[in-house]
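Novice: I am sharing work_16.txt, which consists of compact mmCIF, C-alpha atoms:
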# COMPACT_ATOMS: atom_id res chain seq x y z
CA MET A 97 90.86 157.52 -36.71
CA LYS A 98 92.30 159.93 -39.27
CA LYS A 99 95.56 161.48 -38.12
CA ILE A 100 95.71 165.27 -37.85
CA ARG A 101 98.47 166.51 -40.14
CA ILE A 102 100.81 169.11 -38.66
CA GLY A 103 103.60 171.33 -39.98
CA VAL A 104 106.13 173.00 -37.69
CA ALA A 105 107.79 176.25 -38.80
CA GLY A 106 111.06 177.20 -37.10
CA LEU A 107 113.62 174.65 -35.92
CA GLY A 108 115.74 176.64 -33.47
CA PHE A 109 115.32 175.97 -29.73
CA ILE A 110 111.56 175.61 -29.31
CA GLY A 111 110.45 174.02 -32.60
CA PRO A 112 111.96 170.60 -31.84
CA ILE A 113 110.32 170.76 -28.40
CA HIS A 114 106.94 171.17 -30.10
CA ILE A 115 107.68 168.19 -32.34
CA GLU A 116 108.71 165.95 -29.46
CA ALA A 117 105.56 166.85 -27.51
CA LEU A 118 103.27 166.32 -30.52
CA ARG A 119 104.72 162.85 -31.07
CA ARG A 120 103.62 161.84 -27.58
CA ILE A 121 99.94 162.40 -28.45
CA PRO A 122 98.03 159.69 -30.36
CA ASP A 123 96.51 160.45 -33.77
CA LEU A 124 98.81 163.37 -34.54
CA GLU A 125 101.42 163.35 -37.30
CA VAL A 126 104.17 165.91 -37.89
CA VAL A 127 104.43 165.59 -41.66
CA SER A 128 106.62 168.56 -42.57
CA VAL A 129 108.88 171.31 -41.24
CA HIS A 130 109.97 174.76 -42.38
CA HIS A 131 113.21 176.58 -41.57
CA HIS A 132 114.52 179.84 -42.98
CA ASN A 133 117.93 178.66 -44.21
CA ASP A 134 119.62 175.72 -45.92
CA ALA A 135 120.09 173.95 -42.58
CA VAL A 136 116.50 172.78 -42.95
CA GLN A 137 117.43 169.45 -44.55
CA ARG A 138 119.93 168.57 -41.83
CA LYS A 139 117.51 169.58 -39.08
CA ALA A 140 114.63 167.65 -40.65
CA GLU A 141 116.77 164.53 -40.91
CA GLN A 142 117.85 164.87 -37.28
CA LEU A 143 114.22 165.15 -36.24
CA GLY A 144 113.09 162.30 -38.48
CA VAL A 145 110.68 164.43 -40.55
CA ALA A 146 110.51 163.45 -44.22
CA LYS A 147 109.20 166.68 -45.78
CA TYR A 148 111.05 169.99 -45.35
CA TYR A 149 110.79 173.42 -46.93
CA GLN A 150 112.82 176.62 -46.92
CA ASP A 151 110.00 178.59 -48.57
CA TYR A 152 107.11 179.21 -46.16
CA ASP A 153 104.39 179.58 -48.80
CA THR A 154 105.32 176.22 -50.33
CA PHE A 155 105.35 174.69 -46.85
CA LEU A 156 101.80 175.92 -46.20
CA SER A 157 100.35 174.74 -49.49
CA SER A 158 101.97 171.29 -49.54
CA ASP A 159 101.13 168.04 -47.75
CA ALA A 160 97.45 168.79 -46.91
CA LEU A 161 98.22 170.25 -43.48
CA ASP A 162 95.52 170.71 -40.86
CA CYS A 163 97.48 172.81 -38.37
CA VAL A 164 100.69 174.86 -38.29
CA HIS A 165 102.94 175.52 -35.30
CA ILE A 166 104.85 178.82 -35.59
CA CYS A 167 108.16 178.66 -33.69
CA THR A 168 110.12 181.36 -35.50
CA PRO A 169 111.57 184.70 -34.27
CA ASN A 170 108.97 187.15 -32.97
CA PHE A 171 108.84 189.53 -35.92
CA LEU A 172 107.73 186.72 -38.24
CA HIS A 173 104.78 185.52 -36.15
CA PHE A 174 102.15 187.93 -37.49
CA GLU A 175 102.66 187.37 -41.20
CA MET A 176 103.12 183.62 -40.84
CA ALA A 177 99.99 183.21 -38.69
CA GLN A 178 98.04 185.48 -41.04
CA LYS A 179 98.96 183.38 -44.08
CA ALA A 180 98.17 180.10 -42.33
CA LEU A 181 94.74 181.30 -41.19
CA ALA A 182 94.01 182.67 -44.67
CA GLN A 183 94.54 179.16 -46.02
CA GLY A 184 92.09 177.75 -43.49
CA LEU A 185 94.65 176.14 -41.19
CA HIS A 186 94.49 175.96 -37.41
CA VAL A 187 97.42 177.77 -35.77
CA VAL A 188 99.52 177.30 -32.65
CA CYS A 189 101.91 180.23 -32.20
CA GLU A 190 104.83 180.85 -29.90
CA LYS A 191 104.60 183.96 -27.76
CA PRO A 192 104.50 186.82 -28.39
CA LEU A 193 101.64 186.47 -30.83
CA ALA A 194 102.96 189.54 -32.68
CA THR A 195 105.15 192.56 -31.98
CA LYS A 196 102.33 195.11 -32.26
CA ILE A 197 98.92 195.25 -30.61
CA SER A 198 97.25 196.08 -33.93
CA GLU A 199 98.71 192.94 -35.49
CA ALA A 200 97.51 190.76 -32.62
CA GLU A 201 94.04 192.29 -32.86
CA GLU A 202 93.98 191.46 -36.57
CA LEU A 203 94.95 187.83 -35.87
CA VAL A 204 92.26 187.48 -33.19
CA ALA A 205 89.65 188.76 -35.65
CA LEU A 206 90.92 186.64 -38.55
CA ALA A 207 90.96 183.43 -36.50
CA LYS A 208 87.39 184.13 -35.41
CA SER A 209 86.20 184.89 -38.95
CA LYS A 210 87.82 181.69 -40.25
CA ASN A 211 86.47 179.68 -37.29
CA ARG A 212 89.91 178.16 -36.74
CA VAL A 213 91.34 176.83 -33.49
CA ASN A 214 94.10 179.16 -32.33
CA ALA A 215 96.51 178.92 -29.41
CA VAL A 216 99.52 180.68 -27.92
CA HIS A 217 102.21 178.54 -26.31
CA PHE A 218 101.92 179.72 -22.71
CA ASN A 219 102.97 176.25 -21.65
CA VAL A 220 103.86 177.13 -18.04
CA ARG A 221 100.12 177.09 -17.30
CA TYR A 222 100.29 173.33 -17.82
CA TYR A 223 102.31 172.27 -14.82
CA PRO A 224 99.63 170.35 -12.90
CA LEU A 225 100.25 172.32 -9.69
CA ILE A 226 99.57 175.58 -11.52
CA ARG A 227 96.10 174.36 -12.42
CA GLN A 228 95.70 173.08 -8.86
CA MET A 229 96.42 176.60 -7.57
CA LYS A 230 93.91 178.09 -10.01
CA THR A 231 91.27 175.55 -8.99
CA MET A 232 91.88 176.17 -5.28
CA ARG A 233 91.25 179.87 -5.91
CA GLU A 234 88.09 179.14 -7.91
CA LYS A 235 86.73 176.96 -5.08
CA GLY A 236 87.31 179.70 -2.51
CA GLU A 237 90.10 177.93 -0.64
CA LEU A 238 92.43 180.95 -0.78
CA GLY A 239 89.98 183.66 0.25
CA THR A 240 90.63 187.24 -0.87
CA ILE A 241 93.99 187.65 -2.62
CA HIS A 242 95.89 190.70 -1.38
CA THR A 243 99.56 190.29 -2.37
CA VAL A 244 101.11 188.72 -5.45
CA LEU A 245 104.88 188.36 -5.91
CA GLY A 246 106.67 186.88 -8.90
CA SER A 247 110.10 186.57 -10.43
CA TYR A 248 111.64 184.96 -13.48
CA PHE A 249 115.43 184.65 -13.54
CA GLN A 250 117.75 183.23 -16.20
CA ASP A 251 121.49 183.54 -16.83
CA TRP A 252 121.80 182.71 -20.52
CA LEU A 253 122.62 186.37 -21.32
CA PHE A 254 124.91 186.84 -18.30
CA TYR A 255 128.09 187.61 -20.26
CA GLU A 256 128.57 190.45 -22.72
CA THR A 257 129.57 187.77 -25.24
CA ASP A 258 126.15 186.10 -24.93
CA TYR A 259 124.14 187.00 -28.00
CA ASN A 260 120.90 186.04 -29.73
CA TRP A 261 118.35 187.53 -32.15
CA ARG A 262 116.20 188.38 -29.10
CA LEU A 263 118.63 191.23 -28.42
CA GLU A 264 117.66 192.93 -31.70
CA PRO A 265 114.46 195.04 -31.37
CA GLU A 266 113.68 194.75 -35.09
CA LYS A 267 113.33 190.99 -34.56
CA SER A 268 112.09 190.66 -30.97
CA GLY A 269 110.22 193.90 -30.36
CA GLU A 270 110.80 196.94 -28.15
CA SER A 271 110.97 194.90 -24.92
CA ARG A 272 113.10 191.83 -24.35
CA ALA A 273 113.16 190.43 -20.79
CA VAL A 274 109.56 191.46 -20.08
CA ALA A 275 108.25 190.27 -23.46
CA ASP A 276 110.32 187.08 -23.52
CA ILE A 277 110.02 185.66 -20.00
CA GLY A 278 107.94 188.25 -18.17
CA SER A 279 105.06 187.42 -20.49
CA HIS A 280 104.90 183.88 -19.04
CA LEU A 281 104.96 185.23 -15.49
CA LEU A 282 102.30 187.90 -16.03
CA ASP A 283 100.08 185.41 -17.86
CA LEU A 284 100.37 183.00 -14.93
CA LEU A 285 99.54 185.61 -12.30
CA GLU A 286 96.31 186.61 -14.04
CA TYR A 287 95.47 182.98 -14.85
CA ILE A 288 95.89 181.73 -11.27
CA THR A 289 94.39 184.68 -9.42
CA GLY A 290 91.58 185.45 -11.86
CA LEU A 291 92.46 189.14 -11.36
CA GLN A 292 93.29 191.54 -14.14
CA ILE A 293 96.27 193.86 -13.79
CA THR A 294 94.94 197.40 -14.09
CA GLU A 295 98.04 199.58 -13.51
CA VAL A 296 101.81 199.12 -13.74
CA MET A 297 104.90 201.00 -12.59
CA ALA A 298 108.10 199.76 -14.25
CA ASN A 299 111.83 200.34 -14.20
CA PHE A 300 114.17 198.71 -16.75
CA ASN A 301 117.93 198.25 -16.59
CA THR A 302 120.30 197.26 -19.37
CA VAL A 303 123.31 195.76 -17.60
CA HIS A 304 125.34 195.27 -20.78
CA LYS A 305 124.98 198.51 -22.73
CA THR A 306 127.23 196.98 -25.38
CA ARG A 307 127.47 193.32 -26.32
CA LYS A 308 129.76 191.36 -28.56
CA ARG A 309 127.77 190.05 -31.49
CA PRO A 310 129.11 186.82 -33.03
CA LEU A 311 130.06 187.04 -36.67
CA VAL A 312 129.06 183.38 -37.07
CA PRO A 313 125.65 181.84 -36.19
CA VAL A 314 125.10 180.70 -32.58
CA GLU A 315 121.80 179.08 -31.59
CA THR A 316 119.97 179.70 -28.32
CA TYR A 317 121.44 177.80 -25.35
CA SER A 318 124.15 176.23 -27.53
CA GLY A 319 126.99 177.27 -25.21
CA LYS A 320 129.32 177.55 -28.18
CA LEU A 321 132.62 179.34 -27.44
CA LEU A 322 134.08 181.73 -29.98
CA LYS A 323 137.40 183.54 -30.36
CA PRO A 324 137.78 187.35 -29.83
CA GLU A 325 138.03 187.97 -33.56
CA ASP A 326 134.66 186.28 -34.04
CA TYR A 327 132.79 189.19 -32.38
CA ALA A 328 131.71 192.75 -33.23
CA ASP A 329 130.66 195.30 -30.58
CA VAL A 330 127.01 196.41 -30.86
CA PRO A 331 124.89 198.72 -28.64
CA ILE A 332 121.95 197.16 -26.78
CA ALA A 333 118.63 198.98 -26.51
CA THR A 334 116.47 196.40 -24.67
CA GLU A 335 116.35 195.55 -20.98
CA ASP A 336 118.36 192.82 -19.24
CA THR A 337 116.29 193.23 -16.06
CA ALA A 338 112.96 194.80 -15.11
CA HIS A 339 111.10 195.56 -11.90
CA VAL A 340 107.36 196.11 -12.17
CA LEU A 341 104.84 197.12 -9.49
CA LEU A 342 101.30 195.93 -10.16
CA ARG A 343 97.79 196.99 -9.15
CA PHE A 344 94.97 194.50 -9.58
CA ALA A 345 91.28 194.95 -10.26
CA ASN A 346 90.41 194.13 -6.63
CA GLY A 347 92.49 197.11 -5.43
CA HIS A 348 95.37 195.04 -4.08
CA THR A 349 98.97 194.99 -5.26
CA GLY A 350 101.90 192.91 -6.38
CA SER A 351 105.30 193.07 -7.98
CA VAL A 352 107.42 191.12 -10.44
CA THR A 353 111.12 191.09 -11.25
CA VAL A 354 112.62 189.52 -14.36
CA SER A 355 116.27 189.09 -15.28
CA GLN A 356 118.22 187.31 -17.97
CA VAL A 357 121.57 188.07 -16.30
CA ALA A 358 121.12 186.27 -12.94
CA ALA A 359 124.12 183.94 -12.58
CA GLY A 360 123.16 180.40 -11.68
CA ARG A 361 119.45 180.78 -12.41
CA LYS A 362 118.95 178.71 -15.51
CA ASN A 363 115.19 179.04 -15.87
CA ARG A 364 113.58 179.84 -12.52
CA LEU A 365 110.06 181.23 -12.45
CA ALA A 366 108.81 181.70 -8.89
CA LEU A 367 105.57 183.08 -7.53
CA GLU A 368 103.91 183.60 -4.16
CA ILE A 369 100.29 184.48 -3.57
CA SER A 370 99.08 185.70 -0.17
CA ALA A 371 95.37 185.65 0.59
CA SER A 372 93.00 185.93 3.53
CA LYS A 373 92.90 182.18 4.23
CA LEU A 374 96.34 180.92 3.21
CA SER A 375 99.39 181.51 1.02
CA LEU A 376 100.74 179.55 -1.93
CA ALA A 377 104.29 179.42 -3.34
CA TRP A 378 105.67 177.56 -6.36
CA GLU A 379 108.76 177.63 -8.55
CA SER A 380 109.45 176.11 -11.96
CA GLU A 381 112.78 174.49 -11.04
CA LYS A 382 110.88 172.46 -8.41
CA PRO A 383 107.63 172.09 -10.33
CA ASN A 384 106.31 169.07 -8.46
CA GLU A 385 106.03 170.87 -5.08
CA LEU A 386 103.46 173.43 -3.91
CA TRP A 387 104.04 175.20 -0.58
CA ILE A 388 100.85 176.02 1.34
CA GLY A 389 101.32 178.56 4.10
CA LYS A 390 99.03 178.74 7.16
CA ARG A 391 98.89 180.94 10.26
CA ASP A 392 97.49 178.67 12.98
CA GLU A 393 98.67 175.23 11.93
CA ALA A 394 101.66 173.63 10.31
CA ASN A 395 102.45 174.61 6.75
CA ASP A 396 101.97 171.96 4.05
CA VAL A 397 103.87 170.87 0.97
CA LEU A 398 101.63 169.29 -1.66
CA PHE A 399 103.64 167.03 -3.97
CA ARG A 400 102.38 166.43 -7.49
CA ASP A 401 99.99 163.52 -7.06
CA PRO A 402 96.80 163.46 -9.15
CA SER A 403 95.06 161.38 -6.48
CA LEU A 404 95.36 164.37 -4.12
CA PHE A 405 94.40 167.03 -6.68
CA HIS A 406 91.11 168.59 -7.58
CA THR A 407 89.69 166.88 -10.67
CA GLU A 408 90.44 169.91 -12.86
CA ALA A 409 94.17 169.60 -12.08
CA SER A 410 94.39 165.81 -12.21
CA GLN A 411 93.25 165.95 -15.84
CA ILE A 412 96.63 167.37 -16.92
CA ALA A 413 98.77 164.93 -14.90
CA SER A 414 99.73 161.80 -16.83
CA TYR A 415 101.60 159.87 -14.15
CA PRO A 416 100.87 158.84 -10.54
CA GLY A 417 102.47 160.51 -7.54
CA GLY A 418 106.23 160.09 -7.24
CA HIS A 419 106.67 159.97 -11.02
CA ASN A 420 107.77 163.51 -11.73
CA GLU A 421 106.49 165.58 -14.64
CA GLY A 422 108.34 168.60 -15.95
CA PHE A 423 108.97 171.09 -18.75
CA ALA A 424 108.50 168.66 -21.65
CA ASP A 425 105.14 167.55 -20.28
CA THR A 426 103.68 171.06 -20.23
CA SER A 427 103.64 171.35 -24.03
CA LYS A 428 102.15 167.89 -24.36
CA GLN A 429 99.28 168.75 -21.99
CA LEU A 430 98.59 172.07 -23.76
CA PHE A 431 98.62 170.42 -27.18
CA LYS A 432 96.28 167.65 -25.98
CA GLU A 433 93.63 170.27 -25.25
CA VAL A 434 94.26 172.14 -28.51
CA TYR A 435 93.90 169.04 -30.67
CA GLU A 436 90.88 167.78 -28.77
CA ALA A 437 89.23 171.07 -29.77
CA ILE A 438 90.34 170.62 -33.39
CA ARG A 439 89.08 167.06 -33.59
CA THR A 440 85.74 167.61 -31.85
CA GLY A 441 84.99 171.13 -33.02
CA ARG A 442 84.65 172.29 -29.42
CA PRO A 443 83.47 175.94 -29.44
CA GLN A 444 85.83 178.67 -28.31
CA PRO A 445 83.97 179.53 -25.05
CA GLU A 446 84.77 175.99 -23.85
CA TRP A 447 88.51 176.12 -24.60
CA LYS A 448 90.76 175.81 -21.56
CA PHE A 449 93.99 176.61 -23.39
CA PRO A 450 95.40 180.11 -24.01
CA ASP A 451 94.12 181.33 -27.37
CA PHE A 452 95.05 184.40 -29.42
CA THR A 453 93.18 186.67 -27.00
CA ALA A 454 95.70 185.64 -24.33
CA GLY A 455 98.47 186.60 -26.73
CA LEU A 456 96.82 189.97 -27.31
CA ARG A 457 96.47 190.49 -23.56
CA GLU A 458 100.21 190.04 -23.01
CA LEU A 459 101.01 192.61 -25.70
CA VAL A 460 98.67 195.09 -24.01
CA LEU A 461 100.44 194.48 -20.67
CA ALA A 462 103.89 194.75 -22.25
CA GLU A 463 103.03 198.04 -23.97
CA ALA A 464 101.85 199.53 -20.68
CA ILE A 465 105.02 198.35 -18.93
CA ILE A 466 107.24 199.84 -21.65
CA ALA A 467 105.34 203.14 -21.42
CA SER A 468 105.69 203.16 -17.64
CA ASP A 469 109.46 202.69 -17.82
CA LYS A 470 109.74 205.56 -20.30
CA GLN A 471 107.53 207.88 -18.24
CA GLN A 472 108.73 206.65 -14.84
CA ALA A 473 105.12 206.77 -13.72
CA TRP A 474 102.11 204.57 -13.08
CA VAL A 475 100.36 203.67 -16.37
CA ASN A 476 96.83 202.32 -16.78
CA VAL A 477 96.49 199.05 -18.65
CA SER A 478 93.95 199.78 -21.37
What's the structure tokens form of this structure?

Specialist:
Amino acid sequence: MKKIRIGVAGLGFIGPIHIEALRRIPDLEVVSVHHHNDAVQRKAEQLGVAKYYQDYDTFLSSDALDCVHICTPNFLHFEMAQKALAQGLHVVCEKPLATKISEAEELVALAKSKNRVNAVHFNVRYYPLIRQMKTMREKGELGTIHTVLGSYFQDWLFYETDYNWRLEPEKSGESRAVADIGSHLLDLLEYITGLQITEVMANFNTVHKTRKRPLVPVETYSGKLLKPEDYADVPIATEDTAHVLLRFANGHTGSVTVSQVAAGRKNRLALEISASKLSLAWESEKPNELWIGKRDEANDVLFRDPSLFHTEASQIASYPGGHNEGFADTSKQLFKEVYEAIRTGRPQPEWKFPDFTAGLRELVLAEAIIASDKQQAWVNVS
């Protein structure tokens, strides 16, 4: 079978994760990489990729690529995805799909007109227990959902000396914590519950009004320590934390809290869904356990075991019970579905993975949340 030829653009934190996941799927070949500076050769050699390019246009037109993965800073996503689609390539893009709703709408339309497979990397959907929760809801096992709670806490920006391009609105967009990690959480809540968020009430807080920007490059999660003279003080305009009240289409409510300054929380997404028949709770730092709450009998804990899952969930579990699956496996499972669609020509209505419309949806939610914080009022999600 002919291998599908893939190029990966952006070799910071997430790009190498894409490459590792792609290499675990048969009949795929990462043939080239792109990175914005002269570190591209070193990074390509470390990743064992023979072809590398600093110029994006050359990267796209070389090596007969079938699909491009865009893993660059947010502000580059729109133009890079636009160019790839224009050349007839399939596209997998990191979230957010763009920094403006109009740009995301243009990408949705362009991908449709070019009849290209398109996906946004909402990989958290691909923990098997997340799909188990969604399937339980679809089969009526939860009953009517009435309360949804979620949080996403990290500590990688805990100190004022922690710095990254995501702190710069011209690169990341007007929102940071909500757009960066809240987008995963909000996507999950709508995905699992099947309910659309119709109104939001938000309050942002910037804990570090000023941060010390390194005068030398520091990559995400590198933990590199610098000297005092290596920093410059810069004002911060985006939120470190956010609290958001939610109203859903069924008239019931929920809330989410996100923070990138929560000491000790490395990457903890947690959610709890209360419904008329039972409750469910799950967290990403213990991804192989699902708590099932009951009123009149003992609560249950369902451990990740495909033999105990609904068929829909067992399809994205590669290993038997007791053999844990985690963060690295989520990208693999998402990409398996994307490339099955590329290889078979499966039509868009049959796609299970998050496509560009999911990316557009998160921008619509983020814009409403930003507007709510500014107005300090409930805002309708258009």

Novice: Report, in Å to a single decimal, how far apart CA of Arg457 (chain A) and CA of Thr426 (chain A) are.

Specialist: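 Going from CA of Thr426 (chain A) over to CA of Arg457 (chain A), I get 21.0 Å.
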
Novice: Nearest residue to Asn211 (chain A) out of A:Gln150, A:Gln444, A:Ser268, A:Thr453, using only C-alpha atoms?

Specialist: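 Comparing A:Gln150, A:Gln444, A:Ser268, A:Thr453 against Asn211 (chain A), the winner is A:Gln444.
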
Novice: For Thr337 (chain A), which residue out of A:Val296, A:Asn384, A:Ser247, A:Leu181 is the nearest one, using all atoms listed in the file?

Specialist: A:Ser247

Novice: Determine, counting all atoms listed in the file, which protein, DNA and RNA residues have an atom within 7 Å of an atom of region 251-262 of chain A; residues of the same chain fewer than 5 positions away are not included. Present the result as a list in words.

Specialist: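 Counting all atoms listed in the file, the residues come to Lys267, Ser268, Arg272, His304, Arg307, Lys308, Arg309, Thr316, Tyr317, Gln356, Val357, Ala358, Ala359, Gly360, Arg361 and Lys362 of chain A.
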
Novice: With C-alpha atoms retained, export the selected residues as a PDB file, in the frame of the given file.

Specialist:
ATOM      1  CA  LYS A 267     113.330 190.990 -34.560  1.00  0.00           C
ATOM      2  CA  SER A 268     112.090 190.660 -30.970  1.00  0.00           C
ATOM      3  CA  ARG A 272     113.100 191.830 -24.350  1.00  0.00           C
ATOM      4  CA  HIS A 304     125.340 195.270 -20.780  1.00  0.00           C
ATOM      5  CA  ARG A 307     127.470 193.320 -26.320  1.00  0.00           C
ATOM      6  CA  LYS A 308     129.760 191.360 -28.560  1.00  0.00           C
ATOM      7  CA  ARG A 309     127.770 190.050 -31.490  1.00  0.00           C
ATOM      8  CA  THR A 316     119.970 179.700 -28.320  1.00  0.00           C
ATOM      9  CA  TYR A 317     121.440 177.800 -25.350  1.00  0.00           C
ATOM     10  CA  GLN A 356     118.220 187.310 -17.970  1.00  0.00           C
ATOM     11  CA  VAL A 357     121.570 188.070 -16.300  1.00  0.00           C
ATOM     12  CA  ALA A 358     121.120 186.270 -12.940  1.00  0.00           C
ATOM     13  CA  ALA A 359     124.120 183.940 -12.580  1.00  0.00           C
ATOM     14  CA  GLY A 360     123.160 180.400 -11.680  1.00  0.00           C
ATOM     15  CA  ARG A 361     119.450 180.780 -12.410  1.00  0.00           C
ATOM     16  CA  LYS A 362     118.950 178.710 -15.510  1.00  0.00           C
TER      17      LYS A 362
END

Novice: Report, in Å with one decimal, the straight-line distance from CA of Asn476 (chain A) to CA of Val274 (chain A).

Specialist: 17.1 Å
